[in-house]
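J.: Please see the structure below; I have some questions.
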Amino acid sequence: MERALLLTVGIKSQENLLSPKDEAKELRELALSTNTHVVDEIICFRESPTPNLYLGKGKIEEIKALVQEKGINAVVFNNDLSGIQQRNIEEIIGIKTIDRTQLILDIFARHAKSPEGRMQVELAQLEYFLPRLTGKGIFLSRLGGGIGTRGPGEQKLEIDRRRIKDKIIKLKGELQDTIERRKTVRKKRKESSIPTVALVGYTSAGKSTLMNALTESSQHVSQHLFTTLDPLSRSFSLSNNQKVVLSDTVGFINNLPPHLIEAFKATLEEVVESDLLLHVLDVSDLTVQEHSKAVGEILEVLGVTEKPIITVLNKIDKLEDVRWAEKYKVDFNTDIAISALHRQNLIDLTRLIEKKFENLFTEVSLLLPLNRMDLVDLIYREGNVRSIEYTPNNIVISATLPSIIASKFSNYRS
Ligand SMILES: Nc1nc2c(ncn2[C@@H]2O[C@H](COP(=O)(O)OP(=O)(O)OP(=O)(O)O)[C@@H](O)[C@H]2O)c(=O)[nH]1
Ligand SMILES: [Mg+2]
């Protein structure tokens, strides 16, 4: 297990959503999600980073002394370091120095289970490492997969670079195939007009817990960050028997590394293509406002801000005073406050989902010929039958149908 020193540098000239103290807390959670033993934490401030070391020489020497004193073997910066900064710091301190993006990539690598998830993480890692390749090959050693761990000179370096670029192109191609495959599945869903709902939200907000509660599935849930990486879709029925498909995907975080958004395109398509978003917020977290903003920024990058969205205030069971839920309802302009864990107020949520989809469905009264049992089958499969009666000449059916399907029955309306 790594013995780590966590370092958060508050840069006064840079605007940031979270305060350095909250960032440090989040960094700790990220580190704990990789099984790291946090030996010490430092928060310090600077007007702006220095180009060579990020911090001043004096501070780096101070860190070196602390590292030696406490037997620390990794320094984790909350800030993004350039390749040069990272290398220079490592040279002085003498131990592995990683930045926040690398830490997040490490968590992703640990949690990716499906071949698609692994490909996406590998792509993000390669794109992160490519500009950081140096003659010393020091960064290559972390890539694994046996690519040159020493870099004896420029020629070898060029070969490594080319290999990585080729691998990136190959992975992108393979991921494109996945995107196409998913498109086909979604097209089928669209044809059968089952509406799709995607869970979005900050990591650890409780998306998978809500998925499990609504669809009786057993998606892995944990207090660690980025537990879910591979998307999962499950259908469930609303109280009017309407079927919908719910998708659980990767969580978001403040300053989500851009490489990750790019690499996780295939996974995030579930969000982009959905008919409705459920934005899950952990209201027991004091930085819920900031989390909500961070999610909003990522939804903007994904170009989905025009989609219908329901804000779901989650973990109300953890609120010290349950009346705070009312305040949050006003703050976030929503009526839905739930506990996914204790399955509290889920009916309110499903009713609201129903309401959002109302115009997607039509009530019909039909007279079908007796020999059209295939149509009766279709109605049972896709809709909600309210009454059915077999007369000597006809089948009389009242049902709610997806509007697209209902339009196919215009000849049989009674
Ligand atoms: N008390 C309480 N805890 C909850 C509730 N919902 C989720 N949790 C807990 O919050 C933690 C994170 O839940 P997940 O469902 O894994 O969260 P997620 O949004 O899927 O997180 P990622 O997949 O990591 O992005 C777990 O420890 C859950 O048990 C809730 O309503 N009340
Ligand atoms: Mg999850």
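Each chain of the structure tokens is named A, B, ... in the order shown, its residues numbered from 1; ligands are numbered from 1 in display order.
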Wanna dump the chain A-ligand 1 contacts at 6 Å for me, each residue with its shortest atom pair and the distance in Å to one decimal, counting only C-alpha atoms and all ligand atoms, ordered by chain and number, as a tab-separated table?

T.:
```
residue	atom	partner	partner_atom_place_in_ligand_line	distance
A:Thr203	CA	ligand 1	25 (O)	3.3
A:Ser204	CA	ligand 1	21 (O)	3.3
A:Ala205	CA	ligand 1	19 (O)	3.9
A:Gly206	CA	ligand 1	17 (O)	3.4
A:Lys207	CA	ligand 1	19 (O)	3.7
A:Ser208	CA	ligand 1	20 (O)	3.7
A:Thr209	CA	ligand 1	15 (O)	3.7
A:Val221	CA	ligand 1	16 (O)	3.6
A:Ser222	CA	ligand 1	27 (O)	4.3
A:Gln223	CA	ligand 1	27 (O)	3.7
A:Leu225	CA	ligand 1	24 (O)	4.2
A:Phe226	CA	ligand 1	24 (O)	3.3
A:Thr227	CA	ligand 1	24 (O)	3.7
A:Thr228	CA	ligand 1	23 (O)	3.6
A:Val250	CA	ligand 1	25 (O)	5.5
A:Gly251	CA	ligand 1	25 (O)	3.6
A:Asn314	CA	ligand 1	31 (O)	5.3
A:Lys315	CA	ligand 1	31 (O)	3.4
A:Asp317	CA	ligand 1	32 (N)	5.7
A:Lys318	CA	ligand 1	1 (N)	5.2
A:Ser339	CA	ligand 1	31 (O)	3.4
A:Ala340	CA	ligand 1	31 (O)	3.9
A:Leu341	CA	ligand 1	31 (O)	4.0
```

J.: How would the residues just chosen look if you wrote them out with all heavy atoms as a compact mmCIF listing (two decimals), in the first residue's frame?

T.:
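This went into part03.txt:
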```txt
# COMPACT_ATOMS: atom_id res chain seq x y z
N THR A 203 -20.07 12.16 -8.40
CA THR A 203 -19.72 10.81 -7.95
C THR A 203 -20.11 10.64 -6.48
O THR A 203 -19.96 11.56 -5.69
CB THR A 203 -18.21 10.51 -8.18
OG1 THR A 203 -17.93 9.22 -7.63
CG2 THR A 203 -17.30 11.52 -7.51
N SER A 204 -20.70 9.50 -6.18
CA SER A 204 -21.14 9.15 -4.82
C SER A 204 -22.45 9.82 -4.39
O SER A 204 -22.82 9.77 -3.23
CB SER A 204 -20.04 9.49 -3.80
OG SER A 204 -20.00 8.49 -2.84
N ALA A 205 -23.17 10.43 -5.34
CA ALA A 205 -24.44 11.09 -5.00
C ALA A 205 -25.51 10.06 -4.67
O ALA A 205 -26.51 10.38 -4.01
CB ALA A 205 -24.89 11.98 -6.16
N GLY A 206 -25.33 8.83 -5.16
CA GLY A 206 -26.31 7.77 -4.88
C GLY A 206 -27.05 7.32 -6.13
O GLY A 206 -28.15 6.75 -6.04
N LYS A 207 -26.43 7.49 -7.30
CA LYS A 207 -27.09 7.12 -8.56
C LYS A 207 -27.36 5.61 -8.61
O LYS A 207 -28.46 5.18 -8.94
CB LYS A 207 -26.22 7.54 -9.76
CG LYS A 207 -25.97 9.02 -9.84
CD LYS A 207 -25.03 9.39 -10.98
CE LYS A 207 -23.62 8.86 -10.80
NZ LYS A 207 -22.91 9.35 -9.60
N SER A 208 -26.32 4.83 -8.30
CA SER A 208 -26.49 3.37 -8.41
C SER A 208 -27.46 2.87 -7.35
O SER A 208 -28.21 1.91 -7.59
CB SER A 208 -25.15 2.67 -8.26
OG SER A 208 -24.26 3.15 -9.25
N THR A 209 -27.45 3.50 -6.17
CA THR A 209 -28.39 3.09 -5.12
C THR A 209 -29.82 3.33 -5.60
O THR A 209 -30.71 2.49 -5.39
CB THR A 209 -28.11 3.89 -3.83
OG1 THR A 209 -26.72 3.79 -3.52
CG2 THR A 209 -28.93 3.39 -2.67
N VAL A 221 -22.45 -0.74 -5.19
CA VAL A 221 -22.57 0.57 -4.55
C VAL A 221 -21.47 0.65 -3.50
O VAL A 221 -21.21 -0.32 -2.81
CB VAL A 221 -23.95 0.63 -3.85
CG1 VAL A 221 -23.99 1.67 -2.77
CG2 VAL A 221 -25.06 0.85 -4.87
N SER A 222 -20.80 1.79 -3.37
CA SER A 222 -19.84 1.92 -2.26
C SER A 222 -19.58 3.38 -1.96
O SER A 222 -19.90 4.25 -2.77
CB SER A 222 -18.53 1.20 -2.61
OG SER A 222 -17.52 2.12 -2.89
N GLN A 223 -18.95 3.62 -0.79
CA GLN A 223 -18.70 5.02 -0.45
C GLN A 223 -17.50 5.54 -1.22
O GLN A 223 -17.21 6.73 -1.19
CB GLN A 223 -18.55 5.21 1.07
CG GLN A 223 -17.18 4.96 1.65
CD GLN A 223 -16.97 3.51 2.05
OE1 GLN A 223 -17.59 2.59 1.49
NE2 GLN A 223 -16.12 3.28 3.01
N LEU A 225 -15.23 6.82 -4.40
CA LEU A 225 -15.62 7.63 -5.55
C LEU A 225 -15.44 6.81 -6.84
O LEU A 225 -14.59 5.93 -6.91
CB LEU A 225 -14.76 8.90 -5.60
CG LEU A 225 -14.77 9.74 -4.33
CD1 LEU A 225 -14.06 11.07 -4.55
CD2 LEU A 225 -16.18 9.99 -3.84
N PHE A 226 -16.23 7.13 -7.83
CA PHE A 226 -16.20 6.48 -9.14
C PHE A 226 -16.33 4.96 -9.05
O PHE A 226 -15.53 4.22 -9.62
CB PHE A 226 -14.92 6.86 -9.90
CG PHE A 226 -14.82 8.32 -10.17
CD1 PHE A 226 -13.82 9.10 -9.60
CD2 PHE A 226 -15.75 8.95 -10.98
CE1 PHE A 226 -13.75 10.46 -9.83
CE2 PHE A 226 -15.69 10.31 -11.22
CZ PHE A 226 -14.68 11.06 -10.65
N THR A 227 -17.32 4.53 -8.30
CA THR A 227 -17.59 3.10 -8.20
C THR A 227 -18.10 2.57 -9.53
O THR A 227 -17.71 1.51 -9.99
CB THR A 227 -18.64 2.83 -7.11
OG1 THR A 227 -18.16 3.41 -5.90
CG2 THR A 227 -18.88 1.35 -6.91
N THR A 228 -19.01 3.33 -10.15
CA THR A 228 -19.59 2.89 -11.42
C THR A 228 -18.81 3.48 -12.58
O THR A 228 -18.60 4.68 -12.64
CB THR A 228 -21.04 3.38 -11.55
OG1 THR A 228 -21.75 3.05 -10.37
CG2 THR A 228 -21.72 2.79 -12.77
N VAL A 250 -21.22 6.66 -15.39
CA VAL A 250 -20.10 7.17 -14.62
C VAL A 250 -20.48 8.51 -13.95
O VAL A 250 -21.21 9.31 -14.51
CB VAL A 250 -18.88 7.32 -15.56
CG1 VAL A 250 -19.18 8.21 -16.74
CG2 VAL A 250 -17.66 7.81 -14.83
N GLY A 251 -19.99 8.70 -12.73
CA GLY A 251 -20.27 9.95 -12.01
C GLY A 251 -19.36 11.08 -12.46
O GLY A 251 -18.35 10.86 -13.12
N ASN A 314 -31.18 13.70 -2.86
CA ASN A 314 -31.03 12.36 -2.26
C ASN A 314 -30.39 12.44 -0.87
O ASN A 314 -29.87 13.47 -0.48
CB ASN A 314 -30.19 11.48 -3.19
CG ASN A 314 -30.15 10.03 -2.73
OD1 ASN A 314 -31.12 9.54 -2.12
ND2 ASN A 314 -29.06 9.34 -2.99
N LYS A 315 -30.45 11.35 -0.16
CA LYS A 315 -29.86 11.18 1.18
C LYS A 315 -30.50 12.09 2.23
O LYS A 315 -29.82 12.58 3.12
CB LYS A 315 -28.33 11.39 1.15
CG LYS A 315 -27.60 10.52 0.14
CD LYS A 315 -26.11 10.42 0.42
CE LYS A 315 -25.39 9.77 -0.77
NZ LYS A 315 -23.95 9.66 -0.60
N ASP A 317 -32.28 11.22 4.52
CA ASP A 317 -32.20 10.54 5.83
C ASP A 317 -30.98 10.98 6.62
O ASP A 317 -30.93 10.85 7.84
CB ASP A 317 -32.17 9.02 5.62
CG ASP A 317 -30.98 8.58 4.79
OD1 ASP A 317 -30.96 8.88 3.57
OD2 ASP A 317 -30.08 7.96 5.33
N LYS A 318 -29.97 11.53 5.90
CA LYS A 318 -28.74 11.92 6.59
C LYS A 318 -28.79 13.37 7.08
O LYS A 318 -27.86 13.82 7.76
CB LYS A 318 -27.54 11.77 5.63
CG LYS A 318 -26.94 10.38 5.64
CD LYS A 318 -25.82 10.26 4.65
CE LYS A 318 -24.45 10.53 5.24
NZ LYS A 318 -23.40 10.40 4.21
N SER A 339 -34.79 9.36 -0.10
CA SER A 339 -33.65 8.58 0.38
C SER A 339 -33.64 7.32 -0.47
O SER A 339 -34.52 6.46 -0.32
CB SER A 339 -33.81 8.23 1.85
OG SER A 339 -32.89 7.20 2.16
N ALA A 340 -32.67 7.24 -1.37
CA ALA A 340 -32.60 6.05 -2.23
C ALA A 340 -32.29 4.82 -1.37
O ALA A 340 -32.83 3.74 -1.62
CB ALA A 340 -31.52 6.24 -3.30
N LEU A 341 -31.46 5.02 -0.36
CA LEU A 341 -31.06 3.91 0.49
C LEU A 341 -32.25 3.33 1.25
O LEU A 341 -32.43 2.12 1.33
CB LEU A 341 -29.99 4.38 1.49
CG LEU A 341 -29.32 3.30 2.31
CD1 LEU A 341 -28.47 2.39 1.43
CD2 LEU A 341 -28.45 3.91 3.41
```

J.: Which residues come within 6 Å of range 267-283 of chain A, counting only C-alpha atoms, excluding same-chain residues fewer than 2 positions away, as a CSV table (one decimal) with all heavy atoms, in the first residue's frame?

T.:
```
chain,number,residue,atom,x,y,z
A,196,THR,N,-36.3,6.5,-22.5
A,196,THR,CA,-35.1,6.2,-21.7
A,196,THR,C,-34.8,7.3,-20.7
A,196,THR,O,-34.9,8.5,-21.1
A,196,THR,CB,-33.8,6.0,-22.6
A,196,THR,OG1,-33.7,7.1,-23.4
A,196,THR,CG2,-34.0,4.8,-23.4
A,197,VAL,N,-34.3,7.0,-19.5
A,197,VAL,CA,-34.0,7.9,-18.5
A,197,VAL,C,-32.6,7.7,-18.1
A,197,VAL,O,-32.2,6.5,-17.8
A,197,VAL,CB,-34.9,7.7,-17.3
A,197,VAL,CG1,-34.7,8.7,-16.2
A,197,VAL,CG2,-36.4,7.7,-17.7
A,198,ALA,N,-31.8,8.7,-18.0
A,198,ALA,CA,-30.4,8.5,-17.6
A,198,ALA,C,-30.1,9.2,-16.2
A,198,ALA,O,-30.5,10.3,-16.0
A,198,ALA,CB,-29.4,9.1,-18.6
A,199,LEU,N,-29.4,8.5,-15.3
A,199,LEU,CA,-29.0,9.0,-14.1
A,199,LEU,C,-27.7,9.8,-14.3
A,199,LEU,O,-26.8,9.3,-14.9
A,199,LEU,CB,-28.8,7.9,-13.1
A,199,LEU,CG,-30.0,7.1,-12.6
A,199,LEU,CD1,-29.6,5.8,-12.1
A,199,LEU,CD2,-30.8,7.9,-11.6
A,200,VAL,N,-27.7,11.0,-13.8
A,200,VAL,CA,-26.5,11.8,-13.8
A,200,VAL,C,-26.2,12.4,-12.4
A,200,VAL,O,-27.2,12.5,-11.7
A,200,VAL,CB,-26.5,13.0,-14.9
A,200,VAL,CG1,-26.5,12.4,-16.3
A,200,VAL,CG2,-27.6,13.9,-14.6
A,201,GLY,N,-25.0,12.8,-12.2
A,201,GLY,CA,-24.7,13.4,-10.9
A,201,GLY,C,-23.3,13.3,-10.5
A,201,GLY,O,-22.5,12.5,-11.1
A,205,ALA,N,-23.2,10.4,-5.3
A,205,ALA,CA,-24.4,11.1,-5.0
A,205,ALA,C,-25.5,10.1,-4.7
A,205,ALA,O,-26.5,10.4,-4.0
A,205,ALA,CB,-24.9,12.0,-6.2
A,264,PHE,N,-14.6,8.8,-22.6
A,264,PHE,CA,-15.8,8.1,-22.2
A,264,PHE,C,-17.0,8.4,-23.0
A,264,PHE,O,-18.1,8.3,-22.6
A,264,PHE,CB,-16.0,8.4,-20.7
A,264,PHE,CG,-15.4,7.4,-19.8
A,264,PHE,CD1,-14.0,7.4,-19.7
A,264,PHE,CD2,-16.0,6.4,-19.2
A,264,PHE,CE1,-13.3,6.4,-19.0
A,264,PHE,CE2,-15.4,5.4,-18.4
A,264,PHE,CZ,-14.0,5.4,-18.3
A,265,LYS,N,-16.7,8.9,-24.2
A,265,LYS,CA,-17.8,9.2,-25.1
A,265,LYS,C,-18.9,8.1,-25.3
A,265,LYS,O,-20.1,8.4,-25.2
A,265,LYS,CB,-17.2,9.5,-26.5
A,265,LYS,CG,-17.3,10.9,-26.9
A,265,LYS,CD,-17.2,11.0,-28.4
A,265,LYS,CE,-16.4,12.1,-29.0
A,265,LYS,NZ,-15.5,11.8,-30.1
A,285,ASP,N,-24.3,16.5,1.7
A,285,ASP,CA,-22.9,17.0,1.6
A,285,ASP,C,-23.0,18.6,1.6
A,285,ASP,O,-23.8,19.2,0.9
A,285,ASP,CB,-22.4,16.6,0.2
A,285,ASP,CG,-20.9,16.8,0.1
A,285,ASP,OD1,-20.4,18.0,0.3
A,285,ASP,OD2,-20.2,15.8,-0.1
A,288,VAL,N,-23.0,20.7,-1.6
A,288,VAL,CA,-24.0,20.3,-2.7
A,288,VAL,C,-24.2,21.3,-3.8
A,288,VAL,O,-24.4,21.0,-4.9
A,288,VAL,CB,-25.3,19.8,-2.0
A,288,VAL,CG1,-26.0,20.9,-1.2
A,288,VAL,CG2,-26.3,19.3,-3.1
A,308,PRO,N,-35.2,17.5,-20.9
A,308,PRO,CA,-36.0,17.6,-19.7
A,308,PRO,C,-35.1,16.9,-18.6
A,308,PRO,O,-34.4,15.9,-18.8
A,308,PRO,CB,-37.2,16.7,-20.0
A,308,PRO,CG,-37.1,16.2,-21.4
A,308,PRO,CD,-35.8,16.7,-22.0
A,309,ILE,N,-35.2,17.6,-17.4
A,309,ILE,CA,-34.4,17.1,-16.3
A,309,ILE,C,-35.2,17.2,-15.0
A,309,ILE,O,-36.0,18.1,-14.8
A,309,ILE,CB,-33.1,17.9,-16.2
A,309,ILE,CG1,-32.1,17.3,-15.1
A,309,ILE,CG2,-33.3,19.4,-15.9
A,309,ILE,CD1,-30.7,17.8,-15.3
A,310,ILE,N,-35.0,16.2,-14.2
A,310,ILE,CA,-35.6,16.2,-12.8
A,310,ILE,C,-34.5,16.2,-11.8
A,310,ILE,O,-33.6,15.3,-11.9
A,310,ILE,CB,-36.5,14.9,-12.6
A,310,ILE,CG1,-37.7,14.8,-13.6
A,310,ILE,CG2,-37.0,14.9,-11.1
A,310,ILE,CD1,-38.5,13.6,-13.4
A,311,THR,N,-34.5,17.2,-10.9
A,311,THR,CA,-33.5,17.3,-9.9
A,311,THR,C,-34.0,16.4,-8.7
A,311,THR,O,-35.0,16.7,-8.2
A,311,THR,CB,-33.2,18.7,-9.5
A,311,THR,OG1,-32.8,19.4,-10.6
A,311,THR,CG2,-32.1,18.8,-8.4
A,312,VAL,N,-33.2,15.4,-8.3
A,312,VAL,CA,-33.5,14.5,-7.2
A,312,VAL,C,-32.6,14.8,-6.0
A,312,VAL,O,-31.4,14.5,-6.1
A,312,VAL,CB,-33.4,13.1,-7.7
A,312,VAL,CG1,-33.8,12.1,-6.6
A,312,VAL,CG2,-34.2,12.8,-9.0
A,313,LEU,N,-33.2,15.3,-5.0
A,313,LEU,CA,-32.4,15.5,-3.8
A,313,LEU,C,-32.4,14.2,-3.0
A,313,LEU,O,-33.4,13.7,-2.6
A,313,LEU,CB,-33.1,16.6,-2.9
A,313,LEU,CG,-33.5,17.9,-3.6
A,313,LEU,CD1,-34.2,18.9,-2.7
A,313,LEU,CD2,-32.2,18.6,-4.2
A,314,ASN,N,-31.2,13.7,-2.9
A,314,ASN,CA,-31.0,12.4,-2.3
A,314,ASN,C,-30.4,12.4,-0.9
A,314,ASN,O,-29.9,13.5,-0.5
A,314,ASN,CB,-30.2,11.5,-3.2
A,314,ASN,CG,-30.2,10.0,-2.7
A,314,ASN,OD1,-31.1,9.5,-2.1
A,314,ASN,ND2,-29.1,9.3,-3.0
A,315,LYS,N,-30.4,11.3,-0.2
A,315,LYS,CA,-29.9,11.2,1.2
A,315,LYS,C,-30.5,12.1,2.2
A,315,LYS,O,-29.8,12.6,3.1
A,315,LYS,CB,-28.3,11.4,1.2
A,315,LYS,CG,-27.6,10.5,0.1
A,315,LYS,CD,-26.1,10.4,0.4
A,315,LYS,CE,-25.4,9.8,-0.8
A,315,LYS,NZ,-24.0,9.7,-0.6
```

J.: What lies within 8 Å of Gln85 in chain A using only C-alpha atoms, ignoring chain neighbours under 4 positions off, as a list in words?

T.: Pro51, Asn52, Leu53, Tyr54, Leu81 and Ile89 of chain A

J.: For ligand 2, which of A:Leu210, A:Ala266, A:Ala337, A:Val376 is the closest residue, counting only C-alpha atoms and all ligand atoms?

T.: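 Checking each of A:Leu210, A:Ala266, A:Ala337, A:Val376 against ligand 2, counting only C-alpha atoms and all ligand atoms, the winner is A:Leu210.
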
J.: For Gln120 in chain A, list every protein, DNA or RNA residue within 10 Å, evaluated using only C-alpha atoms, and leave out those in the same chain fewer than 4 positions away; present the list as a PDB file with N, CA and C atoms, in the first residue's frame.

T.:
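Just written: out28.pdb:
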```
ATOM      1  N   PHE A 108     -10.109   5.021 -12.048  1.00  0.00           N
ATOM      2  CA  PHE A 108     -10.859   4.508 -13.197  1.00  0.00           C
ATOM      3  C   PHE A 108     -10.287   3.157 -13.625  1.00  0.00           C
ATOM      4  N   ALA A 109      -8.952   3.070 -13.661  1.00  0.00           N
ATOM      5  CA  ALA A 109      -8.314   1.820 -14.111  1.00  0.00           C
ATOM      6  C   ALA A 109      -8.676   0.678 -13.160  1.00  0.00           C
ATOM      7  N   ALA A 112     -12.660  -0.137 -13.792  1.00  0.00           N
ATOM      8  CA  ALA A 112     -13.181  -0.526 -15.113  1.00  0.00           C
ATOM      9  C   ALA A 112     -13.248  -2.050 -15.202  1.00  0.00           C
ATOM     10  N   SER A 114     -15.637  -3.858 -17.701  1.00  0.00           N
ATOM     11  CA  SER A 114     -15.959  -4.377 -19.042  1.00  0.00           C
ATOM     12  C   SER A 114     -14.824  -4.055 -20.006  1.00  0.00           C
ATOM     13  N   PRO A 115     -14.742  -4.810 -21.095  1.00  0.00           N
ATOM     14  CA  PRO A 115     -13.712  -4.513 -22.092  1.00  0.00           C
ATOM     15  C   PRO A 115     -13.828  -3.057 -22.570  1.00  0.00           C
ATOM     16  N   GLU A 116     -15.064  -2.594 -22.711  1.00  0.00           N
ATOM     17  CA  GLU A 116     -15.269  -1.222 -23.183  1.00  0.00           C
ATOM     18  C   GLU A 116     -14.727  -0.213 -22.156  1.00  0.00           C
ATOM     19  N   ALA A 124      -7.686   7.175 -22.265  1.00  0.00           N
ATOM     20  CA  ALA A 124      -7.464   8.394 -21.480  1.00  0.00           C
ATOM     21  C   ALA A 124      -6.037   8.415 -20.921  1.00  0.00           C
ATOM     22  N   GLN A 125      -5.556   7.248 -20.476  1.00  0.00           N
ATOM     23  CA  GLN A 125      -4.201   7.192 -19.918  1.00  0.00           C
ATOM     24  C   GLN A 125      -3.151   7.498 -20.981  1.00  0.00           C
ATOM     25  N   LEU A 171      -7.486   2.192 -30.509  1.00  0.00           N
ATOM     26  CA  LEU A 171      -8.512   2.206 -29.451  1.00  0.00           C
ATOM     27  C   LEU A 171      -9.706   3.056 -29.864  1.00  0.00           C
ATOM     28  N   LYS A 172      -9.394   4.209 -30.486  1.00  0.00           N
ATOM     29  CA  LYS A 172     -10.497   5.084 -30.907  1.00  0.00           C
ATOM     30  C   LYS A 172     -11.394   4.369 -31.907  1.00  0.00           C
ATOM     31  N   GLU A 174     -11.814   1.100 -32.181  1.00  0.00           N
ATOM     32  CA  GLU A 174     -12.585   0.048 -31.502  1.00  0.00           C
ATOM     33  C   GLU A 174     -13.741   0.650 -30.704  1.00  0.00           C
ATOM     34  N   LEU A 175     -13.464   1.800 -30.083  1.00  0.00           N
ATOM     35  CA  LEU A 175     -14.533   2.433 -29.304  1.00  0.00           C
ATOM     36  C   LEU A 175     -15.642   2.947 -30.218  1.00  0.00           C
ATOM     37  N   LEU A 229     -18.367   2.631 -13.478  1.00  0.00           N
ATOM     38  CA  LEU A 229     -17.741   3.139 -14.697  1.00  0.00           C
ATOM     39  C   LEU A 229     -18.468   2.631 -15.930  1.00  0.00           C
ATOM     40  N   ASP A 230     -18.907   1.382 -15.875  1.00  0.00           N
ATOM     41  CA  ASP A 230     -19.564   0.791 -17.037  1.00  0.00           C
ATOM     42  C   ASP A 230     -21.054   1.080 -16.966  1.00  0.00           C
ATOM     43  N   HIS A 259      -9.580  14.671 -20.743  1.00  0.00           N
ATOM     44  CA  HIS A 259      -9.285  13.406 -21.430  1.00  0.00           C
ATOM     45  C   HIS A 259     -10.353  12.363 -21.129  1.00  0.00           C
ATOM     46  N   LEU A 260     -10.865  12.421 -19.900  1.00  0.00           N
ATOM     47  CA  LEU A 260     -11.830  11.408 -19.498  1.00  0.00           C
ATOM     48  C   LEU A 260     -13.157  11.615 -20.201  1.00  0.00           C
ATOM     49  N   ILE A 261     -13.608  12.862 -20.300  1.00  0.00           N
ATOM     50  CA  ILE A 261     -14.878  13.107 -20.994  1.00  0.00           C
ATOM     51  C   ILE A 261     -14.754  12.628 -22.433  1.00  0.00           C
ATOM     52  N   GLU A 262     -13.618  12.949 -23.047  1.00  0.00           N
ATOM     53  CA  GLU A 262     -13.387  12.569 -24.433  1.00  0.00           C
ATOM     54  C   GLU A 262     -13.362  11.037 -24.576  1.00  0.00           C
ATOM     55  N   ALA A 263     -12.623  10.388 -23.677  1.00  0.00           N
ATOM     56  CA  ALA A 263     -12.460   8.935 -23.803  1.00  0.00           C
ATOM     57  C   ALA A 263     -13.750   8.189 -23.464  1.00  0.00           C
ATOM     58  N   PHE A 264     -14.574   8.788 -22.593  1.00  0.00           N
ATOM     59  CA  PHE A 264     -15.789   8.105 -22.158  1.00  0.00           C
ATOM     60  C   PHE A 264     -17.016   8.433 -23.006  1.00  0.00           C
ATOM     61  N   LYS A 265     -16.737   8.880 -24.225  1.00  0.00           N
ATOM     62  CA  LYS A 265     -17.828   9.230 -25.142  1.00  0.00           C
ATOM     63  C   LYS A 265     -18.860   8.112 -25.275  1.00  0.00           C
ATOM     64  N   ALA A 266     -18.349   6.873 -25.440  1.00  0.00           N
ATOM     65  CA  ALA A 266     -19.271   5.753 -25.664  1.00  0.00           C
ATOM     66  C   ALA A 266     -20.225   5.619 -24.481  1.00  0.00           C
ATOM     67  N   THR A 267     -19.667   5.688 -23.274  1.00  0.00           N
ATOM     68  CA  THR A 267     -20.481   5.570 -22.065  1.00  0.00           C
ATOM     69  C   THR A 267     -21.437   6.753 -21.930  1.00  0.00           C
TER      70      THR A 267
END
```

J.: Using CA of Ser237 in chain A and CA of Arg186 in chain A as the two end points, give the distance in Å to one decimal.

T.: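 Between CA of Ser237 in chain A and CA of Arg186 in chain A the gap is 18.2 Å.
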
J.: I need the residue nearest ligand 2 from this list: A:Leu5, A:Met119, A:Leu232, A:Ile84. Use only C-alpha atoms and all ligand atoms for the distance.

T.: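 Result for the nearest residue to ligand 2: A:Leu232.
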
J.: For Arg234 in chain A, please output as a PyMOL selection string all residues within 8 Å (counting only C-alpha atoms; exclusion window: fewer than 6 positions along the same chain).

T.: chain A and resi 215+217+245-247

J.: With N, CA and C atoms kept, could you save the residues just selected as a PDB file, in the first residue's frame?

T.:
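Contents of out_17.pdb, freshly written:
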```pdb
ATOM      1  N   THR A 215     -35.133  -0.346  -9.996  1.00  0.00           N
ATOM      2  CA  THR A 215     -35.198  -1.446 -10.971  1.00  0.00           C
ATOM      3  C   THR A 215     -34.903  -2.804 -10.361  1.00  0.00           C
ATOM      4  N   SER A 217     -32.244  -3.968  -9.383  1.00  0.00           N
ATOM      5  CA  SER A 217     -31.002  -4.580  -9.860  1.00  0.00           C
ATOM      6  C   SER A 217     -29.983  -4.537  -8.726  1.00  0.00           C
ATOM      7  N   VAL A 245     -36.677   2.658 -19.665  1.00  0.00           N
ATOM      8  CA  VAL A 245     -35.341   2.098 -19.461  1.00  0.00           C
ATOM      9  C   VAL A 245     -34.520   3.111 -18.681  1.00  0.00           C
ATOM     10  N   LEU A 246     -33.908   2.650 -17.600  1.00  0.00           N
ATOM     11  CA  LEU A 246     -33.102   3.533 -16.763  1.00  0.00           C
ATOM     12  C   LEU A 246     -31.626   3.174 -16.961  1.00  0.00           C
ATOM     13  N   SER A 247     -30.784   4.205 -17.168  1.00  0.00           N
ATOM     14  CA  SER A 247     -29.345   3.937 -17.338  1.00  0.00           C
ATOM     15  C   SER A 247     -28.546   4.592 -16.234  1.00  0.00           C
TER      16      SER A 247
END
```

J.: What is the CA of Leu55 in chain A to CA of Met1 in chain A distance in Å?

T.: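 That distance, rounded to one decimal, is 26.9 Å.
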
J.: Pick out the residues sitting within 12 Å of Arg351 in chain A, and hand them over as a list in words; count only C-alpha atoms, and ignore anything fewer than 3 positions along from it in its own chain.

T.: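 My reading of the contact set: Ser237, Leu238, Ser239, Asn240, Asn241, Gln242, Ile310, Asp335, Ile336, Asn345, Leu346, Ile347, Asp348, Glu354, Lys355, Lys356, Phe357 and Glu358 of chain A.
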
J.: Using 9 Å as the limit and counting only C-alpha atoms, can you tabulate each residue of range 70-115 of chain A that touches range 36-43 of chain A, with its shortest atom-to-atom distance in Å and the two atoms involved, as a tab-separated table?

T.:
```
residue	atom	partner	partner_atom	distance
A:Lys70	CA	A:Val39	CA	7.7
A:Gly71	CA	A:Val39	CA	8.9
A:Ile72	CA	A:Val39	CA	7.1
```

J.: Check the smallest atom-to-atom distance from each of A:Leu133, A:Leu6, A:Met211, A:Leu27 to ligand 2 using only C-alpha atoms and all ligand atoms, then report the winner.

T.: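 Selected residue with least distance to ligand 2: A:Met211.
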